[in-house]
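Okay, upload-v4.tsv is below, TSV, C-alpha atoms and all ligand atoms:
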chain	number	residue	atom	x	y	z
A	1	ALA	CA	-86.64	196.81	48.28
A	2	SER	CA	-84.15	194.60	50.02
A	3	PHE	CA	-85.17	193.01	53.30
A	4	TRP	CA	-82.17	194.76	54.77
A	5	SER	CA	-82.70	198.23	53.34
A	6	LYS	CA	-83.48	199.66	56.75
A	7	VAL	CA	-80.28	198.36	58.31
A	8	GLU	CA	-77.99	201.19	59.30
A	9	LEU	CA	-74.26	201.06	59.67
A	10	GLY	CA	-73.18	199.92	63.13
A	11	PRO	CA	-71.08	202.17	65.36
A	12	PRO	CA	-67.37	202.33	64.52
A	13	ASP	CA	-65.11	200.19	66.64
A	14	PRO	CA	-62.44	202.44	68.20
A	15	ILE	CA	-59.88	199.66	68.20
A	16	TYR	CA	-60.58	198.88	64.55
A	17	GLY	CA	-60.12	202.60	63.77
A	18	LEU	CA	-56.71	202.47	65.37
A	19	THR	CA	-55.74	199.35	63.45
A	20	GLU	CA	-56.72	201.04	60.21
A	21	ALA	CA	-54.66	204.10	61.15
A	22	TYR	CA	-51.77	201.78	61.95
A	23	LYS	CA	-52.00	200.05	58.58
A	24	ALA	CA	-52.04	203.39	56.77
A	25	CYS	CA	-49.03	204.67	58.67
A	26	LYS	CA	-45.85	204.61	56.56
A	27	ASN	CA	-43.38	204.85	59.39
A	28	PRO	CA	-41.18	201.71	59.30
A	29	LYS	CA	-40.81	201.91	63.05
A	30	LYS	CA	-44.52	201.84	63.70
A	31	VAL	CA	-45.81	199.56	66.42
A	32	ASN	CA	-49.35	198.31	66.65
A	33	LEU	CA	-50.44	198.48	70.24
A	34	ALA	CA	-54.11	198.71	69.52
A	35	ILE	CA	-55.09	195.30	70.79
A	36	GLY	CA	-54.09	193.40	73.87
A	37	THR	CA	-51.84	190.75	72.42
A	38	TYR	CA	-48.28	189.87	73.28
A	39	HIS	CA	-45.86	190.28	70.40
A	40	ASP	CA	-42.32	189.01	70.00
A	41	ASP	CA	-39.35	191.02	68.72
A	42	SER	CA	-40.50	190.56	65.14
A	43	GLY	CA	-43.78	192.26	65.99
A	44	LYS	CA	-45.84	189.08	65.55
A	45	ALA	CA	-48.22	187.45	68.01
A	46	TYR	CA	-46.08	185.03	69.95
A	47	VAL	CA	-46.81	181.31	70.15
A	48	LEU	CA	-45.43	179.80	73.34
A	49	LYS	CA	-42.95	176.94	73.03
A	50	CYS	CA	-45.01	174.81	75.44
A	51	VAL	CA	-48.01	175.35	73.14
A	52	ARG	CA	-46.03	174.14	70.13
A	53	LYS	CA	-44.92	171.10	72.13
A	54	ALA	CA	-48.45	170.33	73.26
A	55	GLU	CA	-49.65	170.60	69.66
A	56	LYS	CA	-46.98	168.18	68.52
A	57	LEU	CA	-48.01	165.69	71.17
A	58	LEU	CA	-51.64	166.10	70.22
A	59	ASP	CA	-50.78	165.55	66.59
A	60	SER	CA	-48.96	162.33	67.41
A	61	MET	CA	-52.06	161.09	69.26
A	62	ARG	CA	-54.09	161.19	66.03
A	63	LEU	CA	-57.21	162.31	67.90
A	64	ASN	CA	-60.44	162.54	65.99
A	65	LYS	CA	-62.60	165.61	65.58
A	66	ALA	CA	-65.85	164.20	66.94
A	67	TYR	CA	-68.26	166.56	68.66
A	68	PRO	CA	-67.53	167.19	72.32
A	69	THR	CA	-70.35	167.63	74.83
A	70	ALA	CA	-72.01	171.03	75.25
A	71	LEU	CA	-70.19	171.56	78.56
A	72	GLY	CA	-66.89	170.61	76.98
A	73	ASN	CA	-63.75	168.78	77.97
A	74	GLU	CA	-64.16	167.32	81.47
A	75	ARG	CA	-60.47	167.17	82.41
A	76	TYR	CA	-59.88	170.67	81.07
A	77	ARG	CA	-62.65	171.97	83.31
A	78	ARG	CA	-61.08	170.40	86.42
A	79	LEU	CA	-57.70	171.89	85.49
A	80	CYS	CA	-59.29	175.33	85.04
A	81	GLU	CA	-60.89	175.07	88.48
A	82	GLU	CA	-57.53	174.15	89.93
A	83	LEU	CA	-55.72	177.06	88.30
A	84	ALA	CA	-58.30	179.59	89.48
A	85	LEU	CA	-59.05	178.26	92.94
A	86	GLY	CA	-56.02	176.20	93.87
A	87	ARG	CA	-55.53	172.49	94.39
A	88	ASP	CA	-56.76	172.77	97.97
A	89	SER	CA	-60.03	174.46	97.16
A	90	GLN	CA	-62.68	173.10	99.48
A	91	LEU	CA	-65.45	173.67	96.94
A	92	MET	CA	-63.49	171.68	94.39
A	93	LYS	CA	-63.07	168.85	96.87
A	94	ASN	CA	-66.77	169.01	97.69
A	95	GLY	CA	-67.59	168.78	93.99
A	96	VAL	CA	-69.80	171.86	94.01
A	97	LEU	CA	-68.22	173.88	91.23
A	98	ALA	CA	-70.44	174.04	88.17
A	99	SER	CA	-67.86	174.55	85.46
A	100	MET	CA	-68.11	174.44	81.73
A	101	GLN	CA	-65.78	175.00	78.83
A	102	CYS	CA	-66.79	178.14	76.98
A	103	ILE	CA	-65.75	180.20	73.98
A	104	SER	CA	-63.04	182.12	75.79
A	105	ARG	CA	-63.97	184.66	78.43
A	106	THR	CA	-66.35	186.57	76.24
A	107	GLY	CA	-68.37	183.40	75.61
A	108	ALA	CA	-68.21	182.44	79.28
A	109	LEU	CA	-69.57	185.84	80.26
A	110	ARG	CA	-72.35	185.62	77.72
A	111	VAL	CA	-73.46	182.20	79.01
A	112	ALA	CA	-73.24	183.48	82.59
A	113	LEU	CA	-75.34	186.54	81.80
A	114	ASP	CA	-77.99	184.47	80.04
A	115	PHE	CA	-78.09	182.16	83.03
A	116	ILE	CA	-78.41	185.10	85.42
A	117	LYS	CA	-81.14	186.59	83.29
A	118	SER	CA	-83.21	183.42	83.39
A	119	PHE	CA	-82.51	182.07	86.85
A	120	TYR	CA	-80.95	184.54	89.24
A	121	ALA	CA	-83.20	185.04	92.24
A	122	GLY	CA	-81.62	188.35	93.29
A	123	LYS	CA	-81.70	191.80	91.63
A	124	LYS	CA	-80.83	191.45	88.01
A	125	VAL	CA	-78.66	194.54	87.69
A	126	VAL	CA	-74.95	194.15	87.04
A	127	TYR	CA	-72.70	196.78	88.64
A	128	LEU	CA	-69.54	197.42	86.65
A	129	PRO	CA	-66.41	199.29	87.66
A	130	ASN	CA	-66.01	202.70	86.04
A	131	PRO	CA	-64.07	202.37	83.79
A	132	THR	CA	-64.16	198.79	82.57
A	133	TRP	CA	-63.47	196.70	79.46
A	134	GLY	CA	-65.81	198.21	76.86
A	135	ASN	CA	-67.38	194.93	75.85
A	136	HIS	CA	-68.79	194.27	79.35
A	137	LYS	CA	-71.55	196.82	78.76
A	138	HIS	CA	-72.19	195.59	75.27
A	139	LEU	CA	-72.63	191.99	76.39
A	140	ILE	CA	-74.92	192.93	79.26
A	141	ARG	CA	-77.03	195.12	76.99
A	142	GLU	CA	-77.31	192.39	74.36
A	143	THR	CA	-78.42	189.88	76.98
A	144	GLY	CA	-81.22	192.26	77.95
A	145	LEU	CA	-79.95	192.84	81.49
A	146	ALA	CA	-79.40	196.25	83.05
A	147	TYR	CA	-76.06	197.61	84.23
A	148	GLU	CA	-74.92	200.45	86.47
A	149	GLN	CA	-71.46	201.56	87.47
A	150	TYR	CA	-69.59	201.92	90.69
A	151	ARG	CA	-66.62	204.23	91.19
A	152	TYR	CA	-63.26	202.61	90.63
A	153	TYR	CA	-60.82	205.07	89.18
A	154	ASP	CA	-60.56	208.79	89.77
A	155	ASN	CA	-59.33	210.89	86.86
A	156	LYS	CA	-58.65	213.85	89.11
A	157	THR	CA	-56.34	212.09	91.49
A	158	VAL	CA	-55.20	209.75	88.71
A	159	ASP	CA	-55.46	206.92	91.15
A	160	MET	CA	-57.80	204.17	92.21
A	161	ASP	CA	-60.85	205.51	94.02
A	162	TYR	CA	-61.07	202.83	96.67
A	163	ARG	CA	-63.13	204.99	99.04
A	164	GLY	CA	-65.61	205.75	96.25
A	165	MET	CA	-65.80	202.07	95.38
A	166	LEU	CA	-66.48	201.13	98.97
A	167	ASP	CA	-69.11	203.86	99.36
A	168	ASP	CA	-70.86	202.85	96.15
A	169	ILE	CA	-70.94	199.19	97.13
A	170	THR	CA	-72.25	200.15	100.56
A	171	GLN	CA	-74.80	202.75	99.53
A	172	LYS	CA	-75.54	202.53	95.85
A	173	ILE	CA	-75.59	198.81	95.13
A	174	PRO	CA	-78.72	197.16	96.53
A	175	ASN	CA	-78.48	193.88	98.42
A	176	ASP	CA	-78.70	190.76	96.22
A	177	ALA	CA	-77.56	192.56	93.07
A	178	VAL	CA	-74.67	191.47	90.83
A	179	VAL	CA	-71.22	193.06	90.95
A	180	LEU	CA	-68.46	192.51	88.42
A	181	LEU	CA	-64.87	192.63	89.65
A	182	HIS	CA	-61.66	192.29	87.68
A	183	GLY	CA	-59.81	189.55	89.58
A	184	CYS	CA	-56.42	191.12	88.85
A	185	ALA	CA	-54.81	193.61	86.45
A	186	HIS	CA	-57.93	195.72	86.07
A	187	ASN	CA	-58.51	196.68	82.45
A	188	PRO	CA	-57.98	199.51	81.57
A	189	SER	CA	-56.65	201.23	84.70
A	190	GLY	CA	-54.13	198.60	85.82
A	191	HIS	CA	-55.04	199.35	89.43
A	192	ASP	CA	-56.07	196.56	91.77
A	193	PRO	CA	-57.14	196.72	95.39
A	194	SER	CA	-54.47	195.65	97.89
A	195	ARG	CA	-54.86	192.37	99.78
A	196	THR	CA	-56.31	194.14	102.79
A	197	GLN	CA	-58.74	195.99	100.56
A	198	TRP	CA	-59.80	192.75	98.85
A	199	GLU	CA	-60.45	191.28	102.28
A	200	GLU	CA	-62.57	194.26	103.25
A	201	LEU	CA	-64.45	194.05	99.95
A	202	SER	CA	-65.05	190.34	100.40
A	203	ASP	CA	-66.63	190.94	103.83
A	204	LEU	CA	-68.77	193.80	102.59
A	205	ILE	CA	-69.95	191.97	99.50
A	206	LYS	CA	-70.82	188.93	101.55
A	207	GLN	CA	-72.80	191.07	103.98
A	208	LYS	CA	-74.72	192.53	101.06
A	209	ASN	CA	-75.27	189.10	99.58
A	210	LEU	CA	-74.11	190.16	96.14
A	211	LEU	CA	-73.40	187.75	93.34
A	212	VAL	CA	-69.83	188.37	92.13
A	213	ILE	CA	-68.73	187.96	88.56
A	214	PHE	CA	-64.96	187.66	88.57
A	215	ASP	CA	-63.34	188.49	85.25
A	216	LEU	CA	-59.96	186.77	85.40
A	217	ALA	CA	-58.80	188.32	82.15
A	218	TYR	CA	-55.11	188.70	82.82
A	219	HIS	CA	-54.47	185.98	85.34
A	220	GLY	CA	-50.72	186.03	85.99
A	221	TYR	CA	-49.89	189.35	84.37
A	222	ALA	CA	-50.33	191.58	87.41
A	223	SER	CA	-47.56	189.98	89.44
A	224	GLY	CA	-46.03	187.38	87.12
A	225	HIS	CA	-47.36	184.64	89.44
A	226	PHE	CA	-50.62	182.73	89.14
A	227	GLU	CA	-51.02	182.07	92.85
A	228	VAL	CA	-50.51	185.73	93.76
A	229	ASP	CA	-52.93	186.93	91.11
A	230	ALA	CA	-55.60	184.48	92.24
A	231	TYR	CA	-55.65	185.94	95.74
A	232	ALA	CA	-58.89	187.88	95.40
A	233	VAL	CA	-60.93	185.18	93.73
A	234	ARG	CA	-59.74	182.53	96.19
A	235	ARG	CA	-60.39	184.74	99.18
A	236	PHE	CA	-63.92	185.55	98.03
A	237	VAL	CA	-64.73	181.90	97.38
A	238	GLU	CA	-63.23	180.72	100.67
A	239	GLU	CA	-65.23	183.33	102.57
A	240	GLY	CA	-68.44	181.93	101.12
A	241	ASN	CA	-69.25	184.58	98.54
A	242	LYS	CA	-71.35	183.40	95.64
A	243	CYS	CA	-69.15	183.68	92.61
A	244	VAL	CA	-69.22	183.32	88.87
A	245	ILE	CA	-65.69	183.13	87.46
A	246	ILE	CA	-64.86	183.72	83.84
A	247	GLN	CA	-61.47	182.60	82.71
A	248	SER	CA	-59.53	182.04	79.52
A	249	PHE	CA	-56.09	181.24	78.21
A	250	ALA	CA	-56.17	183.93	75.55
A	251	LYS	CA	-53.62	186.13	77.27
A	252	ASN	CA	-51.60	183.97	79.60
A	253	MET	CA	-51.10	181.09	77.14
A	254	GLY	CA	-51.30	183.27	74.06
A	255	LEU	CA	-54.22	181.21	72.76
A	256	TYR	CA	-56.21	184.26	71.64
A	257	GLY	CA	-57.93	182.82	68.59
A	258	GLU	CA	-58.33	179.32	70.03
A	259	ARG	CA	-61.09	180.60	72.32
A	260	ALA	CA	-60.27	178.32	75.24
A	261	GLY	CA	-62.31	179.62	78.15
A	262	CYS	CA	-64.16	178.43	81.18
A	263	LEU	CA	-67.13	179.47	83.27
A	264	ILE	CA	-67.20	178.39	86.90
A	265	ILE	CA	-70.26	178.95	89.09
A	266	THR	CA	-70.04	178.17	92.79
A	267	ALA	CA	-72.98	176.08	93.94
A	268	GLU	CA	-74.11	175.23	97.45
A	269	SER	CA	-74.59	171.52	96.94
A	270	VAL	CA	-73.92	168.79	94.43
A	271	GLU	CA	-77.61	168.74	93.61
A	272	GLU	CA	-77.63	172.50	92.95
A	273	LYS	CA	-74.54	172.14	90.79
A	274	ARG	CA	-76.28	169.47	88.68
A	275	LYS	CA	-79.23	171.76	88.12
A	276	ILE	CA	-77.05	174.76	87.22
A	277	LEU	CA	-75.08	172.67	84.74
A	278	SER	CA	-78.22	171.27	83.15
A	279	GLN	CA	-79.65	174.76	82.57
A	280	CYS	CA	-76.36	176.15	81.29
A	281	GLU	CA	-76.23	173.22	78.93
A	282	GLU	CA	-79.58	174.30	77.54
A	283	ILE	CA	-78.29	177.85	77.06
A	284	ILE	CA	-75.14	176.62	75.32
A	285	LYS	CA	-77.10	174.30	73.04
A	286	SER	CA	-79.30	177.16	71.93
A	287	MET	CA	-76.29	179.39	71.27
A	288	TYR	CA	-73.59	177.31	69.63
A	289	GLN	CA	-74.18	173.70	70.73
A	290	TYR	CA	-70.54	172.71	71.39
A	291	PRO	CA	-67.35	174.55	72.31
A	292	PRO	CA	-64.27	174.27	70.04
A	293	ILE	CA	-62.02	171.32	70.90
A	294	HIS	CA	-58.49	172.23	69.87
A	295	GLY	CA	-57.58	175.05	72.27
A	296	ALA	CA	-58.94	173.19	75.28
A	297	ARG	CA	-56.87	170.15	74.32
A	298	ILE	CA	-53.73	172.27	74.25
A	299	VAL	CA	-54.53	173.67	77.70
A	300	GLU	CA	-55.33	170.21	79.02
A	301	LYS	CA	-52.00	168.88	77.73
A	302	ILE	CA	-50.06	171.72	79.35
A	303	LEU	CA	-51.84	171.98	82.69
A	304	GLY	CA	-52.19	168.21	82.96
A	305	ASP	CA	-48.47	167.51	82.54
A	306	THR	CA	-46.13	168.53	85.36
A	307	GLY	CA	-43.19	169.15	83.02
A	308	LEU	CA	-45.11	171.16	80.46
A	309	LYS	CA	-46.87	173.13	83.16
A	310	ALA	CA	-43.55	174.10	84.71
A	311	GLU	CA	-42.28	175.14	81.26
A	312	TRP	CA	-45.38	177.26	80.75
A	313	LYS	CA	-44.93	179.04	84.06
A	314	LEU	CA	-41.31	179.76	83.25
A	315	GLU	CA	-42.10	181.01	79.77
A	316	PHE	CA	-44.96	183.08	81.08
A	317	LYS	CA	-42.71	184.70	83.66
A	318	LEU	CA	-40.28	185.63	80.89
A	319	MET	CA	-43.16	187.19	78.97
A	320	SER	CA	-44.47	189.22	81.87
A	321	ASP	CA	-40.96	190.31	82.87
A	322	ARG	CA	-40.26	191.33	79.29
A	323	LEU	CA	-43.38	193.48	79.24
A	324	MET	CA	-42.23	195.31	82.30
A	325	SER	CA	-38.73	195.81	80.94
A	326	ILE	CA	-40.05	197.10	77.60
A	327	ARG	CA	-42.15	199.58	79.48
A	328	ARG	CA	-39.14	200.83	81.35
A	329	THR	CA	-37.13	201.12	78.11
A	330	LEU	CA	-40.03	202.88	76.48
A	331	LYS	CA	-40.22	205.41	79.24
A	332	THR	CA	-36.51	206.15	79.08
A	333	LYS	CA	-36.55	206.46	75.30
A	334	LEU	CA	-39.59	208.64	75.39
A	335	GLN	CA	-37.97	210.96	77.81
A	336	LYS	CA	-34.83	211.19	75.69
A	337	LYS	CA	-36.01	211.09	72.13
A	338	ALA	CA	-39.64	211.90	71.73
A	339	ARG	CA	-40.54	214.56	69.22
A	340	TYR	CA	-44.26	214.22	69.71
A	341	VAL	CA	-45.76	212.34	72.55
A	342	ILE	CA	-49.30	211.16	72.79
A	343	GLY	CA	-50.22	210.07	76.24
A	344	ILE	CA	-53.50	208.61	77.22
A	345	ILE	CA	-53.50	208.88	80.90
A	346	LEU	CA	-56.02	206.78	82.69
A	347	LEU	CA	-53.91	206.30	85.73
A	348	ASN	CA	-51.11	207.65	87.80
A	349	ASN	CA	-48.91	206.14	85.25
A	350	VAL	CA	-46.43	208.54	83.76
A	351	GLU	CA	-45.01	205.76	81.64
A	352	CYS	CA	-48.24	205.62	79.76
A	353	PHE	CA	-47.14	207.46	76.65
A	354	ALA	CA	-47.03	206.80	73.00
A	355	LEU	CA	-44.98	208.92	70.70
A	356	LEU	CA	-44.58	209.86	67.12
A	357	ASP	CA	-41.61	209.12	65.02
A	358	CYS	CA	-38.81	208.18	67.33
A	359	LEU	CA	-38.86	204.73	68.88
A	360	ASN	CA	-36.56	201.97	68.05
A	361	LEU	CA	-38.71	199.31	69.67
A	362	ARG	CA	-40.19	196.78	67.29
A	363	ALA	CA	-42.23	194.89	69.83
A	364	GLY	CA	-45.84	195.71	70.36
A	365	PHE	CA	-46.88	195.18	73.87
A	366	TRP	CA	-49.68	195.44	76.25
A	367	THR	CA	-49.28	195.89	79.91
A	368	PRO	CA	-51.86	195.58	82.61
A	369	ARG	CA	-50.57	198.62	84.38
A	370	SER	CA	-51.12	200.95	81.50
A	371	THR	CA	-53.40	201.48	78.60
A	372	THR	CA	-53.21	201.07	74.88
A	373	LEU	CA	-50.51	203.11	73.23
A	374	PHE	CA	-50.57	204.53	69.76
A	375	MET	CA	-47.88	205.67	67.40
A	376	THR	CA	-48.05	207.27	64.02
A	377	ASP	CA	-46.03	209.68	61.95
A	378	MET	CA	-48.99	211.99	61.53
A	379	LYS	CA	-49.60	214.70	63.98
A	380	ILE	CA	-53.13	214.06	65.17
A	381	GLU	CA	-55.25	216.86	66.46
A	382	TYR	CA	-56.41	216.48	69.99
A	383	SER	CA	-60.10	216.40	69.10
A	384	ASN	CA	-59.69	213.74	66.38
A	385	PHE	CA	-57.58	211.67	68.63
A	386	HIS	CA	-60.25	211.63	71.26
A	387	LYS	CA	-62.84	210.60	68.73
A	388	ILE	CA	-60.99	207.50	67.64
A	389	PHE	CA	-59.52	206.63	70.96
A	390	LEU	CA	-61.62	204.92	73.57
A	391	PRO	CA	-64.55	207.31	73.36
A	392	ASN	CA	-66.34	205.47	76.12
A	393	ILE	CA	-63.55	205.86	78.61
A	394	SER	CA	-63.03	209.17	80.30
A	395	SER	CA	-59.36	209.38	79.65
A	396	ARG	CA	-57.13	212.40	79.65
A	397	THR	CA	-55.25	212.72	76.44
A	398	ILE	CA	-52.14	214.79	76.06
A	399	ILE	CA	-50.16	215.49	72.94
A	400	THR	CA	-46.96	217.37	73.51
A	401	GLU	CA	-43.94	218.47	71.57
A	402	ASN	CA	-40.82	217.51	73.37
A	501	LIG	N1	-62.37	190.68	79.78
A	501	LIG	C1	-61.42	191.63	79.77
A	501	LIG	C2	-61.27	192.51	80.98
A	501	LIG	C3	-60.59	191.78	78.63
A	501	LIG	O1	-59.65	192.72	78.62
A	501	LIG	C4	-60.77	190.91	77.51
A	501	LIG	C5	-59.95	190.99	76.27
A	501	LIG	O2	-59.19	191.80	75.98
A	501	LIG	C6	-61.77	189.95	77.59
A	501	LIG	C7	-62.54	189.86	78.73
A	501	LIG	C8	-62.03	189.01	76.44
A	501	LIG	O3	-61.22	187.94	76.50
A	501	LIG	P1	-61.34	186.64	75.60
A	501	LIG	O4	-60.46	186.86	74.40
A	501	LIG	O5	-60.86	185.55	76.46
A	501	LIG	O6	-62.77	186.49	75.21
Kindly transcribe the structure held in the file into structure tokens.
Ligand code: PLP
Amino acid sequence: ASFWSKVELGPPDPIYGLTEAYKACKNPKKVNLAIGTYHDDSGKAYVLKCVRKAEKLLDSMRLNKAYPTALGNERYRRLCEELALGRDSQLMKNGVLASMQCISRTGALRVALDFIKSFYAGKKVVYLPNPTWGNHKHLIRETGLAYEQYRYYDNKTVDMDYRGMLDDITQKIPNDAVVLLHGCAHNPSGHDPSRTQWEELSDLIKQKNLLVIFDLAYHGYASGHFEVDAYAVRRFVEEGNKCVIIQSFAKNMGLYGERAGCLIITAESVEEKRKILSQCEEIIKSMYQYPPIHGARIVEKILGDTGLKAEWKLEFKLMSDRLMSIRRTLKTKLQKKARYVIGIILLNNVECFALLDCLNLRAGFWTPRSTTLFMTDMKIEYSNFHKIFLPNISSRTIITEN
């Protein structure tokens, strides 16, 4: 018998199921909204002009492809710190940020979790918001750590459950445990705490001496501004919380497949930082040895050049504004033209609808204030729809005839 004869088929990926359904759909107006990527009017993943420019410059430099170090591009790491924490960050000035280039945010989280598993002196349980990005649980499980959930979103009130979140952090989460927060544009609910609430959370979490993992997945997309969206993470760090920040340029620079990410761990001294980096280096070497070089070079070129950086911010603003305007158009069109509407309501977001057979929009889009939308020309039964759609998220699904 084969060595692998006992291997069973892995669980179906709900997003993959949607993509397959999308491919099979014959409607010429179909739009694939199954995955969180920004598409242009032709329905293709969009490459930013500043990225093209940076690539041209890189090409003209005739750089070689030698191995980098395990911790990656030094200048890139400094620029990532600056984007997340601001040029005036005291910890940056003190040189106590242990940062390393990682394989996008997913890779950064995996390295962080391995590091926590081996070295964290507190309680090794990670508390996740309910709901959260599906892969958080998967990664934690694979690392061999435990996770629990705290209340974040209430399906009954279709709103953020800030009270529940506060109560859970106060009563359910033990001191010294680990809590994961979405730094902005919470996925999938789109709801973030207000500034005052972030401040309250920062105080409470500091009191409880929790380690915070900040997932900065959609930095920029919540407000269209990087400084505004970095409010929570900067506040927590300034207030002396112990933070692990995972960051990437997948969404806000459209570098999805380049896997340009960064992991930043706040240390208490330069000596502690050196030790953290040396152990993370060991973890990285045992996993994949070196991070990929190209994406980080693009980011370095853009963030390290005042002109290109300004172009990026401008282009990014156009992208985030366009998302919002498409959503508004979608809502209007839905209201006017929809024959069948499938809505997956995770939030108090009435715009969050997908419909069958009627839209004239060619652009796929993702928006932090909504959830994934799905269109097809088949009428899908409620029960089937639930099976393929986000089975691990307690969403309310509605299919209506208009
Ligand atoms: N974290 C959240 C909340 C996400 O939504 C995603 C991707 O969709 C990721 C992490 C993974 O990002 P990356 O492509 O940078 O690994």
Report task. Counting all atoms listed in the file, name the residues that have an atom within 8 Å of an atom of ligand LIG 501 (chain A); the answer should be given as a ChimeraX atom specification. Result -> /A:35-36,103-108,132-133,135-136,182,186-188,215-218,247-251,256-257,259-261
Requested in this report: Have a look at CA of Ile169 (chain A) and CA of Leu113 (chain A) and let me know their distance in Å, one decimal.
Outcome: 20.4 Å
Query raised in the report: Neighbours of Ala185 (chain A) within 12 Å (all atoms listed in the file; same-chain residues fewer than 5 positions away dropped), as number ranges by chain?
Result: A: 132-133, 190-194, 214-224, 226, 228-230, 232, 251, 366-371
Query raised in the report: If you count all atoms listed in the file, which residues fall within 8 Å of Arg77 (chain A), apart from same-chain ones fewer than 6 positions away, as a PyMOL selection string?
Result: chain A and resi 99-101+262
Query raised in the report: From the list A:Gln289, A:Asn252, A:Thr196, A:Ser320, which residue is nearest Tyr162 (chain A) when using all atoms listed in the file?
Result: A:Thr196
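Minimum distance to Glu238 (chain A) across A:Lys285, A:Arg151, A:Arg322, A:Lys206 (counting all atoms listed in the file) occurs at A:Lys206.
Residues within 8 Å of Lys117 (chain A), counting all atoms listed in the file and excluding same-chain residues fewer than 5 positions away, are Lys124, Thr143, Gly144 and Leu145 of chain A.
Distance check against Asp154 (chain A) using all atoms listed in the file: of A:Leu201, A:Gln171, A:Asp40, A:Pro129, the minimum falls on A:Pro129.
Minimum atom-to-atom distance to Tyr46 (chain A), evaluated using all atoms listed in the file, belongs to A:Leu255 out of A:Leu255, A:Ile276, A:Ala146, A:Leu181.
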Requested in this report: Write out as a ChimeraX atom specification each polymer residue whose atoms come within 8 Å of region 293-298 of chain A, counting all atoms listed in the file; drop sequence neighbours fewer than 3 positions from it.
Outcome: /A:51,54-55,58,65,68,72-73,76,101,255,258-261,301-302
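For the pair CA of Leu263 (chain A) and CA of Arg87 (chain A), the interatomic distance is 17.5 Å.
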So for region 36-54 of chain A, what box centre and size do we get, axis-aligned, 4 Å extra on each of the six sides, every listed atom, Å to one decimal, as JSON?
{"center_x": -46.7, "center_y": 181.9, "center_z": 70.3, "size_x": 22.7, "size_y": 31.1, "size_z": 18.3}
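The space separating CA of Ala66 (chain A) from CA of Ile284 (chain A) comes to 17.6 Å.
Nearest residue to Tyr150 (chain A) among A:Ser269, A:Leu314, A:Lys137, A:Leu128 is A:Leu128, counting all atoms listed in the file.
Nearest residue to Pro131 (chain A) among A:Gln279, A:Ser118, A:Gln149, A:Thr266 is A:Gln149, counting all atoms listed in the file.
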Take region 119-131 of chain A, bring it up to N, CA and C atoms, and give me the output as a short mmCIF file (atom, residue, chain, number, x, y, z; two decimals), in the coordinates of the input.
data_model
loop_
_atom_site.label_atom_id
_atom_site.label_comp_id
_atom_site.auth_asym_id
_atom_site.auth_seq_id
_atom_site.Cartn_x
_atom_site.Cartn_y
_atom_site.Cartn_z
N PHE A 119 -82.36 182.81 85.59
CA PHE A 119 -82.51 182.07 86.85
C PHE A 119 -82.10 182.78 88.12
N TYR A 120 -81.45 183.92 88.01
CA TYR A 120 -80.95 184.54 89.24
C TYR A 120 -82.11 185.05 90.09
N ALA A 121 -82.08 184.68 91.37
CA ALA A 121 -83.20 185.04 92.24
C ALA A 121 -83.03 186.43 92.87
N GLY A 122 -81.85 187.02 92.73
CA GLY A 122 -81.62 188.35 93.29
C GLY A 122 -81.98 189.45 92.30
N LYS A 123 -81.41 190.66 92.53
CA LYS A 123 -81.70 191.80 91.63
C LYS A 123 -80.85 191.69 90.38
N LYS A 124 -81.55 191.73 89.26
CA LYS A 124 -80.83 191.45 88.01
C LYS A 124 -80.22 192.72 87.40
N VAL A 125 -79.41 193.38 88.19
CA VAL A 125 -78.66 194.54 87.69
C VAL A 125 -77.19 194.25 87.94
N VAL A 126 -76.38 194.43 86.89
CA VAL A 126 -74.95 194.15 87.04
C VAL A 126 -74.21 195.47 87.25
N TYR A 127 -73.48 195.57 88.33
CA TYR A 127 -72.70 196.78 88.64
C TYR A 127 -71.27 196.59 88.16
N LEU A 128 -70.86 197.51 87.28
CA LEU A 128 -69.54 197.42 86.65
C LEU A 128 -68.62 198.50 87.21
N PRO A 129 -67.32 198.22 87.26
CA PRO A 129 -66.41 199.29 87.66
C PRO A 129 -66.37 200.37 86.58
N ASN A 130 -66.17 201.60 86.99
CA ASN A 130 -66.01 202.70 86.04
C ASN A 130 -64.57 203.20 86.13
N PRO A 131 -63.74 202.98 85.08
CA PRO A 131 -64.07 202.37 83.79
C PRO A 131 -63.95 200.85 83.82
#
